[in-house]
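Asks: Below is run.pdb; it holds PDB, C-alpha atoms.
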```pdb
ATOM      1  CA  MET A  28     139.430 122.203  25.260
ATOM      2  CA  ASP A  29     135.842 123.496  25.010
ATOM      3  CA  MET A  30     132.676 121.444  24.770
ATOM      4  CA  ALA A  31     132.184 122.277  21.089
ATOM      5  CA  SER A  32     135.532 120.827  19.985
ATOM      6  CA  GLU A  33     135.208 117.813  22.270
ATOM      7  CA  ASN A  34     132.189 116.439  20.384
ATOM      8  CA  GLY A  35     133.723 116.995  16.910
ATOM      9  CA  THR A  36     132.301 120.479  16.256
ATOM     10  CA  THR A  37     134.457 122.612  13.954
ATOM     11  CA  VAL A  38     131.939 125.421  13.303
ATOM     12  CA  LYS A  39     133.039 128.574  15.129
ATOM     13  CA  ALA A  40     130.184 130.823  14.025
ATOM     14  CA  PHE A  41     126.810 130.733  12.270
ATOM     15  CA  VAL A  42     125.593 133.007   9.476
ATOM     16  CA  LEU A  43     122.045 134.380   9.864
ATOM     17  CA  THR A  44     120.063 135.080   6.699
ATOM     18  CA  GLY A  45     118.074 137.841   8.434
ATOM     19  CA  LEU A  46     114.656 139.132   7.413
ATOM     20  CA  THR A  47     115.497 140.614   3.997
ATOM     21  CA  THR A  48     118.367 141.133   1.561
ATOM     22  CA  SER A  49     117.338 144.714   0.694
ATOM     23  CA  HIS A  50     119.508 147.283   2.515
ATOM     24  CA  ASN A  51     116.850 150.024   2.275
ATOM     25  CA  THR A  52     114.239 147.690   3.721
ATOM     26  CA  GLU A  53     116.654 146.803   6.522
ATOM     27  CA  LEU A  54     117.103 150.487   7.420
ATOM     28  CA  ALA A  55     113.321 150.950   7.533
ATOM     29  CA  LEU A  56     112.969 147.819   9.682
ATOM     30  CA  PHE A  57     115.740 149.084  11.980
ATOM     31  CA  VAL A  58     113.807 152.296  12.689
ATOM     32  CA  PHE A  59     110.512 150.420  13.141
ATOM     33  CA  PHE A  60     111.849 147.746  15.488
ATOM     34  CA  ALA A  61     114.004 150.231  17.425
ATOM     35  CA  VAL A  62     110.756 152.069  18.252
ATOM     36  CA  VAL A  63     108.996 148.758  19.038
ATOM     37  CA  TYR A  64     111.816 147.674  21.365
ATOM     38  CA  ALA A  65     111.832 151.051  23.146
ATOM     39  CA  LEU A  66     108.059 150.760  23.657
ATOM     40  CA  ILE A  67     108.475 147.190  24.981
ATOM     41  CA  LEU A  68     111.020 148.378  27.558
ATOM     42  CA  VAL A  69     109.109 151.516  28.599
ATOM     43  CA  GLY A  70     105.686 149.825  28.674
ATOM     44  CA  ASN A  71     106.690 146.737  30.636
ATOM     45  CA  VAL A  72     108.957 148.603  33.079
ATOM     46  CA  LEU A  73     106.107 151.087  33.689
ATOM     47  CA  ILE A  74     103.768 148.197  34.510
ATOM     48  CA  MET A  75     106.291 146.726  36.976
ATOM     49  CA  VAL A  76     106.934 150.099  38.657
ATOM     50  CA  THR A  77     103.189 150.841  38.908
ATOM     51  CA  ILE A  78     102.426 147.453  40.483
ATOM     52  CA  VAL A  79     105.256 147.832  43.012
ATOM     53  CA  TYR A  80     104.258 151.434  43.816
ATOM     54  CA  ASP A  81     100.459 151.025  44.142
ATOM     55  CA  LYS A  82      99.512 148.902  47.156
ATOM     56  CA  THR A  83      95.994 148.336  45.773
ATOM     57  CA  LEU A  84      97.642 146.227  43.040
ATOM     58  CA  HIS A  85      99.417 143.948  45.514
ATOM     59  CA  THR A  86      97.217 140.987  44.579
ATOM     60  CA  PRO A  87      98.038 137.598  42.987
ATOM     61  CA  MET A  88      96.822 138.687  39.533
ATOM     62  CA  TYR A  89      99.140 141.711  39.449
ATOM     63  CA  PHE A  90     101.993 139.767  41.035
ATOM     64  CA  PHE A  91     101.868 137.404  38.061
ATOM     65  CA  LEU A  92     101.371 140.320  35.655
ATOM     66  CA  SER A  93     104.583 141.947  36.935
ATOM     67  CA  ASN A  94     106.343 138.602  36.355
ATOM     68  CA  LEU A  95     104.943 138.578  32.806
ATOM     69  CA  SER A  96     106.282 142.086  32.155
ATOM     70  CA  PHE A  97     109.709 141.119  33.490
ATOM     71  CA  ILE A  98     109.796 137.999  31.297
ATOM     72  CA  ASP A  99     108.714 140.007  28.234
ATOM     73  CA  VAL A 100     111.567 142.499  28.734
ATOM     74  CA  CYS A 101     114.066 139.637  29.064
ATOM     75  CA  HIS A 102     112.549 137.578  26.240
ATOM     76  CA  SER A 103     112.641 140.408  23.699
ATOM     77  CA  SER A 104     116.138 141.460  24.848
ATOM     78  CA  VAL A 105     117.519 138.010  23.955
ATOM     79  CA  VAL A 106     116.740 138.526  20.249
ATOM     80  CA  VAL A 107     115.816 142.130  19.323
ATOM     81  CA  PRO A 108     119.139 143.964  20.072
ATOM     82  CA  LYS A 109     121.071 141.450  17.929
ATOM     83  CA  MET A 110     118.439 141.754  15.184
ATOM     84  CA  LEU A 111     118.747 145.572  15.265
ATOM     85  CA  SER A 112     122.551 145.471  14.983
ATOM     86  CA  ASP A 113     122.302 142.992  12.089
ATOM     87  CA  PHE A 114     120.055 145.396  10.161
ATOM     88  CA  LEU A 115     123.086 147.720   9.967
ATOM     89  CA  THR A 116     125.623 145.108   8.820
ATOM     90  CA  GLU A 117     125.937 143.276   5.515
ATOM     91  CA  THR A 118     127.218 139.994   6.986
ATOM     92  CA  LYS A 119     125.141 138.720   9.895
ATOM     93  CA  THR A 120     127.142 136.288  11.999
ATOM     94  CA  ILE A 121     126.850 134.954  15.536
ATOM     95  CA  SER A 122     129.537 132.962  17.340
ATOM     96  CA  PHE A 123     128.843 129.355  18.316
ATOM     97  CA  GLY A 124     128.853 130.253  22.025
ATOM     98  CA  ASP A 125     126.556 133.263  21.575
ATOM     99  CA  CYS A 126     124.188 131.154  19.487
ATOM    100  CA  ILE A 127     123.941 128.516  22.227
ATOM    101  CA  ALA A 128     123.446 131.249  24.859
ATOM    102  CA  GLN A 129     120.694 132.850  22.765
ATOM    103  CA  MET A 130     118.873 129.514  22.470
ATOM    104  CA  PHE A 131     119.252 128.814  26.195
ATOM    105  CA  PHE A 132     117.771 132.138  27.324
ATOM    106  CA  LEU A 133     115.130 132.158  24.587
ATOM    107  CA  HIS A 134     113.739 128.821  25.758
ATOM    108  CA  LEU A 135     114.160 129.718  29.445
ATOM    109  CA  PHE A 136     111.955 132.803  29.111
ATOM    110  CA  ALA A 137     109.560 131.291  26.544
ATOM    111  CA  CYS A 138     108.831 128.148  28.579
ATOM    112  CA  THR A 139     108.543 130.180  31.805
ATOM    113  CA  GLU A 140     106.036 132.486  30.076
ATOM    114  CA  ILE A 141     103.969 129.524  28.849
ATOM    115  CA  LEU A 142     103.795 128.162  32.404
ATOM    116  CA  LEU A 143     103.037 131.655  33.750
ATOM    117  CA  LEU A 144     100.137 132.145  31.306
ATOM    118  CA  THR A 145      98.739 128.796  32.482
ATOM    119  CA  ILE A 146      99.051 129.881  36.134
ATOM    120  CA  MET A 147      97.352 133.200  35.310
ATOM    121  CA  ALA A 148      94.434 131.277  33.789
ATOM    122  CA  TYR A 149      94.198 129.194  36.987
ATOM    123  CA  ASP A 150      94.259 132.405  39.038
ATOM    124  CA  ARG A 151      91.313 133.810  37.042
ATOM    125  CA  TYR A 152      89.490 130.469  37.355
ATOM    126  CA  ALA A 153      89.923 130.525  41.146
ATOM    127  CA  ALA A 154      88.831 134.187  41.381
ATOM    128  CA  ILE A 155      85.703 133.768  39.242
ATOM    129  CA  CYS A 156      84.588 130.213  39.986
ATOM    130  CA  HIS A 157      85.607 130.027  43.688
ATOM    131  CA  PRO A 158      85.478 133.641  44.924
ATOM    132  CA  PHE A 159      84.867 132.732  48.589
ATOM    133  CA  HIS A 160      87.927 130.458  48.723
ATOM    134  CA  TYR A 161      90.129 132.608  46.461
ATOM    135  CA  THR A 162      92.331 134.097  49.204
ATOM    136  CA  ALA A 163      93.038 130.601  50.536
ATOM    137  CA  ILE A 164      93.664 129.068  47.082
ATOM    138  CA  MET A 165      95.920 131.919  45.907
ATOM    139  CA  SER A 166      97.632 132.879  49.161
ATOM    140  CA  TRP A 167     101.010 134.607  48.952
ATOM    141  CA  GLN A 168     102.706 131.330  49.910
ATOM    142  CA  ALA A 169     100.887 129.629  47.021
ATOM    143  CA  CYS A 170     101.865 132.439  44.616
ATOM    144  CA  LEU A 171     105.531 132.133  45.578
ATOM    145  CA  ARG A 172     105.371 128.345  45.118
ATOM    146  CA  TRP A 173     103.829 128.832  41.654
ATOM    147  CA  ALA A 174     106.552 131.358  40.785
ATOM    148  CA  VAL A 175     109.334 128.992  41.873
ATOM    149  CA  ALA A 176     107.679 126.129  39.957
ATOM    150  CA  MET A 177     107.367 128.079  36.689
ATOM    151  CA  TRP A 178     110.955 129.395  36.763
ATOM    152  CA  SER A 179     112.270 125.934  37.697
ATOM    153  CA  GLY A 180     110.248 124.348  34.878
ATOM    154  CA  GLY A 181     111.580 126.892  32.363
ATOM    155  CA  LEU A 182     115.153 126.337  33.542
ATOM    156  CA  LEU A 183     114.938 122.522  33.343
ATOM    157  CA  HIS A 184     113.343 122.698  29.873
ATOM    158  CA  SER A 185     116.035 125.086  28.606
ATOM    159  CA  ILE A 186     118.903 123.028  30.051
ATOM    160  CA  ALA A 187     117.500 119.866  28.441
ATOM    161  CA  LEU A 188     117.165 121.454  24.967
ATOM    162  CA  THR A 189     120.592 123.107  25.171
ATOM    163  CA  ALA A 190     122.174 119.786  26.197
ATOM    164  CA  LEU A 191     120.495 118.074  23.213
ATOM    165  CA  THR A 192     121.850 120.744  20.855
ATOM    166  CA  LEU A 193     125.389 120.432  22.204
ATOM    167  CA  ASN A 194     125.295 116.642  22.012
ATOM    168  CA  VAL A 195     125.759 116.555  18.220
ATOM    169  CA  PRO A 196     128.740 117.781  16.116
ATOM    170  CA  TYR A 197     128.582 120.776  13.776
ATOM    171  CA  CYS A 198     131.182 120.522  11.017
ATOM    172  CA  GLY A 199     129.489 121.496   7.754
ATOM    173  CA  PRO A 200     126.861 124.067   6.777
ATOM    174  CA  ASN A 201     126.562 127.020   9.126
ATOM    175  CA  THR A 202     123.771 129.171   7.629
ATOM    176  CA  ILE A 203     120.639 129.594   9.770
ATOM    177  CA  ASP A 204     117.595 130.630   7.747
ATOM    178  CA  ASN A 205     116.262 133.134  10.296
ATOM    179  CA  PHE A 206     117.309 136.235  12.240
ATOM    180  CA  PHE A 207     118.134 134.389  15.485
ATOM    181  CA  CYS A 208     119.299 130.979  16.721
ATOM    182  CA  ASP A 209     116.634 128.441  17.617
ATOM    183  CA  VAL A 210     116.991 124.759  18.419
ATOM    184  CA  PRO A 211     115.159 123.226  15.383
ATOM    185  CA  LEU A 212     117.108 125.308  12.848
ATOM    186  CA  VAL A 213     120.492 124.832  14.542
ATOM    187  CA  ILE A 214     120.192 121.090  15.129
ATOM    188  CA  LYS A 215     119.232 120.679  11.453
ATOM    189  CA  LEU A 216     122.805 121.815  10.610
ATOM    190  CA  ALA A 217     124.440 119.022  12.630
ATOM    191  CA  CYS A 218     126.603 116.557  10.671
ATOM    192  CA  ALA A 219     124.870 113.570  12.244
ATOM    193  CA  ASN A 220     121.497 111.815  12.176
ATOM    194  CA  THR A 221     119.265 114.088  14.274
ATOM    195  CA  TYR A 222     115.905 112.309  13.858
ATOM    196  CA  VAL A 223     115.768 111.225  17.500
ATOM    197  CA  PHE A 224     116.741 114.719  18.643
ATOM    198  CA  GLU A 225     114.033 116.300  16.488
ATOM    199  CA  VAL A 226     111.449 113.932  17.974
ATOM    200  CA  LEU A 227     112.622 114.901  21.474
ATOM    201  CA  ILE A 228     112.380 118.610  20.592
ATOM    202  CA  VAL A 229     108.824 118.146  19.312
ATOM    203  CA  SER A 230     107.996 116.101  22.415
ATOM    204  CA  SER A 231     109.388 118.796  24.697
ATOM    205  CA  SER A 232     108.571 122.221  23.219
ATOM    206  CA  GLY A 233     105.674 121.246  20.979
ATOM    207  CA  VAL A 234     103.797 119.047  23.424
ATOM    208  CA  ILE A 235     104.312 121.475  26.346
ATOM    209  CA  SER A 236     102.854 124.255  24.178
ATOM    210  CA  LEU A 237      99.928 122.150  22.964
ATOM    211  CA  VAL A 238      99.045 120.769  26.410
ATOM    212  CA  CYS A 239      99.196 124.236  28.012
ATOM    213  CA  PHE A 240      97.093 125.644  25.169
ATOM    214  CA  ILE A 241      94.414 122.963  25.670
ATOM    215  CA  VAL A 242      94.465 123.537  29.464
ATOM    216  CA  LEU A 243      94.101 127.283  28.916
ATOM    217  CA  VAL A 244      91.222 126.964  26.447
ATOM    218  CA  VAL A 245      89.379 124.548  28.771
ATOM    219  CA  SER A 246      90.001 126.892  31.731
ATOM    220  CA  TYR A 247      88.563 129.883  29.904
ATOM    221  CA  ALA A 248      85.599 127.807  28.676
ATOM    222  CA  VAL A 249      84.799 126.880  32.301
ATOM    223  CA  ILE A 250      85.228 130.542  33.309
ATOM    224  CA  LEU A 251      82.871 131.766  30.574
ATOM    225  CA  ILE A 252      80.227 129.219  31.600
ATOM    226  CA  SER A 253      80.589 130.324  35.213
ATOM    227  CA  LEU A 254      80.279 134.012  34.266
ATOM    228  CA  ARG A 255      76.720 133.447  33.102
ATOM    229  CA  GLN A 256      75.733 133.294  36.795
ATOM    230  CA  HIS A 257      77.349 136.651  37.697
ATOM    231  CA  PHE A 258      75.890 140.170  37.729
ATOM    232  CA  SER A 259      76.387 142.247  34.587
ATOM    233  CA  GLU A 260      79.097 144.632  35.944
ATOM    234  CA  GLY A 261      81.183 141.829  37.455
ATOM    235  CA  ARG A 262      80.688 139.759  34.326
ATOM    236  CA  ARG A 263      81.833 142.613  32.051
ATOM    237  CA  LYS A 264      84.996 143.186  34.106
ATOM    238  CA  ALA A 265      85.828 139.470  34.276
ATOM    239  CA  LEU A 266      85.192 139.018  30.556
ATOM    240  CA  SER A 267      87.523 141.926  29.793
ATOM    241  CA  THR A 268      90.310 140.374  31.899
ATOM    242  CA  CYS A 269      89.844 136.917  30.380
ATOM    243  CA  ALA A 270      89.731 138.315  26.829
ATOM    244  CA  ALA A 271      93.071 140.067  27.481
ATOM    245  CA  HIS A 272      94.664 136.868  28.773
ATOM    246  CA  LEU A 273      93.293 134.804  25.900
ATOM    247  CA  THR A 274      94.632 137.280  23.295
ATOM    248  CA  VAL A 275      98.166 136.938  24.699
ATOM    249  CA  VAL A 276      97.820 133.162  24.880
ATOM    250  CA  ILE A 277      96.741 132.826  21.234
ATOM    251  CA  PHE A 278      99.597 135.002  19.946
ATOM    252  CA  PHE A 279     102.278 133.417  22.105
ATOM    253  CA  LEU A 280     101.321 129.740  22.133
ATOM    254  CA  GLY A 281     100.208 129.858  18.496
ATOM    255  CA  HIS A 282     103.842 130.513  17.537
ATOM    256  CA  CYS A 283     105.178 127.733  19.755
ATOM    257  CA  ILE A 284     102.763 125.167  18.337
ATOM    258  CA  PHE A 285     103.474 126.271  14.736
ATOM    259  CA  ILE A 286     107.275 126.164  15.100
ATOM    260  CA  TYR A 287     107.871 123.201  17.405
ATOM    261  CA  LEU A 288     105.035 120.759  16.678
ATOM    262  CA  ARG A 289     106.405 119.760  13.255
ATOM    263  CA  PRO A 290     109.680 118.504  11.717
ATOM    264  CA  ALA A 291     112.587 120.982  11.611
ATOM    265  CA  LYS A 292     112.399 122.694   8.228
ATOM    266  CA  SER A 293     112.323 126.293   7.047
ATOM    267  CA  LEU A 294     108.989 127.682   5.919
ATOM    268  CA  SER A 295     108.446 131.147   4.453
ATOM    269  CA  ALA A 296     105.995 131.933   7.270
ATOM    270  CA  ASP A 297     108.525 131.113  10.028
ATOM    271  CA  LYS A 298     110.167 134.544  10.064
ATOM    272  CA  VAL A 299     106.847 136.396  10.209
ATOM    273  CA  VAL A 300     105.608 134.175  13.029
ATOM    274  CA  SER A 301     108.940 134.544  14.850
ATOM    275  CA  ILE A 302     108.696 138.356  14.657
ATOM    276  CA  PHE A 303     105.340 138.185  16.445
ATOM    277  CA  PHE A 304     106.852 135.827  19.023
ATOM    278  CA  THR A 305     109.942 137.913  19.841
ATOM    279  CA  ALA A 306     108.879 141.534  19.236
ATOM    280  CA  ILE A 307     105.134 142.021  18.806
ATOM    281  CA  THR A 308     103.716 139.903  21.658
ATOM    282  CA  PRO A 309     105.954 141.555  24.323
ATOM    283  CA  LEU A 310     104.627 144.899  23.024
ATOM    284  CA  LEU A 311     101.004 143.729  23.090
ATOM    285  CA  ASN A 312     101.087 142.818  26.777
ATOM    286  CA  PRO A 313     101.491 146.406  28.105
ATOM    287  CA  VAL A 314      98.808 147.615  25.668
ATOM    288  CA  ILE A 315      96.345 144.833  26.506
ATOM    289  CA  TYR A 316      96.870 144.922  30.266
ATOM    290  CA  THR A 317      96.787 148.729  30.659
ATOM    291  CA  LEU A 318      94.395 150.127  28.043
ATOM    292  CA  ARG A 319      91.819 147.406  28.812
ATOM    293  CA  ASN A 320      92.276 147.518  32.595
ATOM    294  CA  GLU A 321      90.624 150.249  34.692
ATOM    295  CA  GLU A 322      92.628 149.404  37.827
ATOM    296  CA  MET A 323      95.940 149.751  35.975
ATOM    297  CA  LEU A 324      94.827 152.999  34.317
ATOM    298  CA  ASN A 325      93.794 154.466  37.691
ATOM    299  CA  ALA A 326      97.094 153.359  39.254
ATOM    300  CA  LEU A 327      99.039 154.960  36.376
ATOM    301  CA  LYS A 328      97.094 158.225  36.858
ATOM    302  CA  LYS A 329      97.877 158.156  40.587
ATOM    303  CA  LEU A 330     101.564 157.528  39.862
ATOM    304  CA  ARG A 331     101.642 160.373  37.328
ATOM    305  CA  GLY A 332      99.857 162.676  39.796
ATOM    306  CA  GLN A 333     102.345 161.787  42.524
ATOM    307  CA  GLN A 334     105.283 162.515  40.205
ATOM    308  CA  ALA A 335     103.741 165.859  39.195
ATOM    309  CA  HIS A 336     103.210 166.747  42.868
ATOM    310  CA  LEU A 337     106.837 165.932  43.707
ATOM    311  CA  GLY A 338     107.962 167.959  40.694
ATOM    312  CA  SER A 339     105.975 171.006  41.788
ATOM    313  CA  LYS A 340     107.367 170.721  45.343
ATOM    314  CA  GLY A 341     110.874 170.622  43.894
ATOM    315  CA  HIS A 342     110.223 173.988  42.252
TER     316      HIS A 342
END
```
Produce structure tokens that represent the structure in this file.

Replies:
Amino acid sequence: MDMASENGTTVKAFVLTGLTTSHNTELALFVFFAVVYALILVGNVLIMVTIVYDKTLHTPMYFFLSNLSFIDVCHSSVVVPKMLSDFLTETKTISFGDCIAQMFFLHLFACTEILLLTIMAYDRYAAICHPFHYTAIMSWQACLRWAVAMWSGGLLHSIALTALTLNVPYCGPNTIDNFFCDVPLVIKLACANTYVFEVLIVSSSGVISLVCFIVLVVSYAVILISLRQHFSEGRRKALSTCAAHLTVVIFFLGHCIFIYLRPAKSLSADKVVSIFFTAITPLLNPVIYTLRNEEMLNALKKLRGQQAHLGSKGH
């Protein structure tokens, strides 16, 4: 007997409402998001390959950036392929088990990314405000400890939310008013009083997002104050890096605060915000961190030159 039937759950699958009811609009969205997803994969994989290949990028900042690219590939892959397939079908369903798995991995990668963005802000703070002690503060041992901590934190958070979701029975309505499964919308369908669970969800996801957002804003405020004491060239470069980080933070954490720091109910803006969260932000990262970053652009040129050289030797 599976866990679902043990707690009184009779729902075998959920119906997703999707983004629109217009078939022509769905076909247009399929083409658009297929291109977006391809760009997410190519852009983020290219960043990871470039960082691994170019030894000049073997620094804490780029170590965390490669982690961010990996998370973005995984995070978008949890939702976007299913969304693309649903654009081509009239009835959009997802099995109970797949729905739970989607929620688990969505929160694993989302929470890990929130913690990673916070660590990246600390890395920039250490580099700009304590440059002489930076190598000691952000040693490779410290970076590995931070990486283990963020993945462990994401895993614990995801396990806790998934356990909460599975702890209530689902025996009635099974329509989810979105294009993917998420904890607030799923737990709202439970045939039980879920007030306590909703409070716990807000306490977990919402408060984590809000606290990290406040920490990040304070960190960047301290960094900006510190930059006033730097030379113009160093200040310009540091400002560019911090502006890139802050852009990602606002897009990503803005969604988390909007969705999770309120009672579970469907708003018309939820789907638009969720699209940014699952498809647009993972696309923005490669653009922000390459087009605004001279070191990455130079490394990409070197990689392209090396590939061209190998190609010419092959002929």

Asks: Hey, what's within 8 Å of range 83-96 of chain A if we count only C-alpha atoms and toss same-chain stuff fewer than 6 positions away? As a list in words, please?

Replies: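 After dropping sequence-adjacent residues, the list is Asn71, Val72, Ile74, Met75, Glu140, Leu143, Met147, Asp150, Arg151, Met165, Ser166, Trp167, Cys170, Pro309, Asn312, Pro313 and Glu322 of chain A.
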
Asks: Mind checking which residues fall within 7 Å of Phe114 in chain A, counting all atoms listed in the file, ignoring those fewer than 2 positions away in the same chain, and posting them as a PDB file with C-alpha atoms, in the coordinates of the input?

Replies:
```pdb
ATOM      1  CA  GLU A  53     116.654 146.803   6.522  1.00  0.00           C
ATOM      2  CA  LEU A  54     117.103 150.487   7.420  1.00  0.00           C
ATOM      3  CA  PHE A  57     115.740 149.084  11.980  1.00  0.00           C
ATOM      4  CA  MET A 110     118.439 141.754  15.184  1.00  0.00           C
ATOM      5  CA  LEU A 111     118.747 145.572  15.265  1.00  0.00           C
ATOM      6  CA  SER A 112     122.551 145.471  14.983  1.00  0.00           C
ATOM      7  CA  THR A 116     125.623 145.108   8.820  1.00  0.00           C
TER       8      THR A 116
END
```

Asks: What does the structure give for the distance between CA of Thr77 in chain A and CA of Leu330 in chain A, in Å to one decimal?

Replies: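 Computing the Euclidean distance for CA of Thr77 in chain A and CA of Leu330 in chain A yields 6.9 Å.
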
Asks: Identify which of the residues A:Thr308, A:Ser236, A:Ser301, A:Thr202 lies closest to Phe41 in chain A, counting all atoms listed in the file when measuring atom-to-atom distances.

Replies: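 For Phe41 in chain A, the nearest of the given residues is A:Thr202.
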
Asks: If you measure from CA of Cys218 in chain A to CA of Ile186 in chain A, what distance in Å do you get, rounded to one decimal?

Replies: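 Separation of CA of Cys218 in chain A and CA of Ile186 in chain A: 21.8 Å.
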
Asks: What is the CA of Leu266 in chain A to CA of His160 in chain A distance in Å?

Replies: 20.3 Å

Asks: Which residues would end up in the selection if the PyMOL selection byres ((chain A and resi 203) around 9) were applied here, given that I need the answer as a tab-separated table (two decimals) with C-alpha atoms, keeping the file's coordinate frame?

Replies:
```
chain	number	residue	atom	x	y	z
A	41	PHE	CA	126.81	130.73	12.27
A	42	VAL	CA	125.59	133.01	9.48
A	43	LEU	CA	122.04	134.38	9.86
A	44	THR	CA	120.06	135.08	6.70
A	45	GLY	CA	118.07	137.84	8.43
A	200	PRO	CA	126.86	124.07	6.78
A	201	ASN	CA	126.56	127.02	9.13
A	202	THR	CA	123.77	129.17	7.63
A	204	ASP	CA	117.60	130.63	7.75
A	205	ASN	CA	116.26	133.13	10.30
A	206	PHE	CA	117.31	136.24	12.24
A	207	PHE	CA	118.13	134.39	15.48
A	208	CYS	CA	119.30	130.98	16.72
A	209	ASP	CA	116.63	128.44	17.62
A	212	LEU	CA	117.11	125.31	12.85
A	213	VAL	CA	120.49	124.83	14.54
A	216	LEU	CA	122.80	121.82	10.61
```

Asks: Between A:Leu310, A:Asn320, A:Gly199, A:Phe224, which is the closest to Ile67 in chain A once you count only C-alpha atoms?

Replies: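 Ranking A:Leu310, A:Asn320, A:Gly199, A:Phe224 by distance to Ile67 in chain A, first place goes to A:Leu310.
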
Asks: What are the nearest atom pairs, with distances in Å to one decimal, for all residues of range 112-155 of chain A that come at most 12 Å from range 97-103 of chain A, using only C-alpha atoms, set out by chain and rising residue number as CSV?

Replies:
```
residue,atom,partner,partner_atom,distance
A:Gln129,CA,A:His102,CA,10.0
A:Met130,CA,A:His102,CA,10.9
A:Phe131,CA,A:His102,CA,11.0
A:Phe132,CA,A:His102,CA,7.6
A:Leu133,CA,A:His102,CA,6.2
A:His134,CA,A:His102,CA,8.9
A:Leu135,CA,A:His102,CA,8.6
A:Phe136,CA,A:His102,CA,5.6
A:Ala137,CA,A:His102,CA,7.0
A:Cys138,CA,A:Ile98,CA,10.3
A:Thr139,CA,A:Ile98,CA,7.9
A:Glu140,CA,A:Ile98,CA,6.8
A:Ile141,CA,A:Ile98,CA,10.6
A:Leu142,CA,A:Ile98,CA,11.6
A:Leu143,CA,A:Ile98,CA,9.6
A:Leu144,CA,A:Ile98,CA,11.3
```

Asks: Between A:Cys126, A:Leu327, A:Leu73, A:Leu182, which one has atoms that come closest to Val38 in chain A, using only C-alpha atoms?

Replies: A:Cys126

Asks: Could you list, with a cut-off of 7 Å and counting all atoms listed in the file, the residues of range 70-179 of chain A near range 241-248 of chain A, each shown with its nearest atom pair and the distance in Å rounded to one decimal, rows sorted by chain and ascending number, as a Markdown table?

Replies:
```
| residue | atom | partner | partner_atom | distance |
| --- | --- | --- | --- | --- |
| A:Thr145 | CA | A:Leu243 | CA | 6.0 |
| A:Ala148 | CA | A:Leu243 | CA | 6.3 |
| A:Tyr152 | CA | A:Ser246 | CA | 6.7 |
```

Asks: Go through the shown structure with the PyMOL selection byres ((chain A and resi 189) around 8) and write out the matching residues as a ChimeraX atom specification.

Replies: /A:127,130-131,185-188,190-193,210

Asks: Considering all atoms listed in the file, state which residue in the set A:Val234, A:Val249, A:Val195, A:Ala65 is at the smallest distance from Lys215 in chain A.

Replies: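 Checking each candidate against Lys215 in chain A, we get A:Val195 as the closest.
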
Asks: I need the residue nearest Ser253 in chain A from this list: A:Ile214, A:Val175, A:Ile155, A:Ile235. Use all atoms listed in the file for the distance.

Replies: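 Looking at the shortest contact to Ser253 in chain A, the residue is A:Ile155.
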
Asks: Find, counting all atoms listed in the file, the residue in A:Ser179, A:Pro158, A:Ala163, A:Thr47 that gets nearest to Leu115 in chain A.

Replies: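 That would be A:Thr47, the residue with the smallest distance to Leu115 in chain A.
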
Asks: Kindly compute an axis-aligned box around the listed atoms of range 221-226 of chain A, allowing 8 Å on each side, and express its centre and edge lengths in Å to one decimal as lines of an AutoDock Vina configuration file.

Replies:
```
center_x = 115.4
center_y = 113.8
center_z = 16.3
size_x = 23.8
size_y = 21.1
size_z = 20.8
```

Asks: Where does the PyMOL selection byres ((chain A and resi 283) around 12) land in this file, that is, which residues does it pick, as a ChimeraX atom specification?

Replies: /A:133-134,137-138,140-141,209,211,228-229,231-240,276-282,284-289,297,300-301,303-305
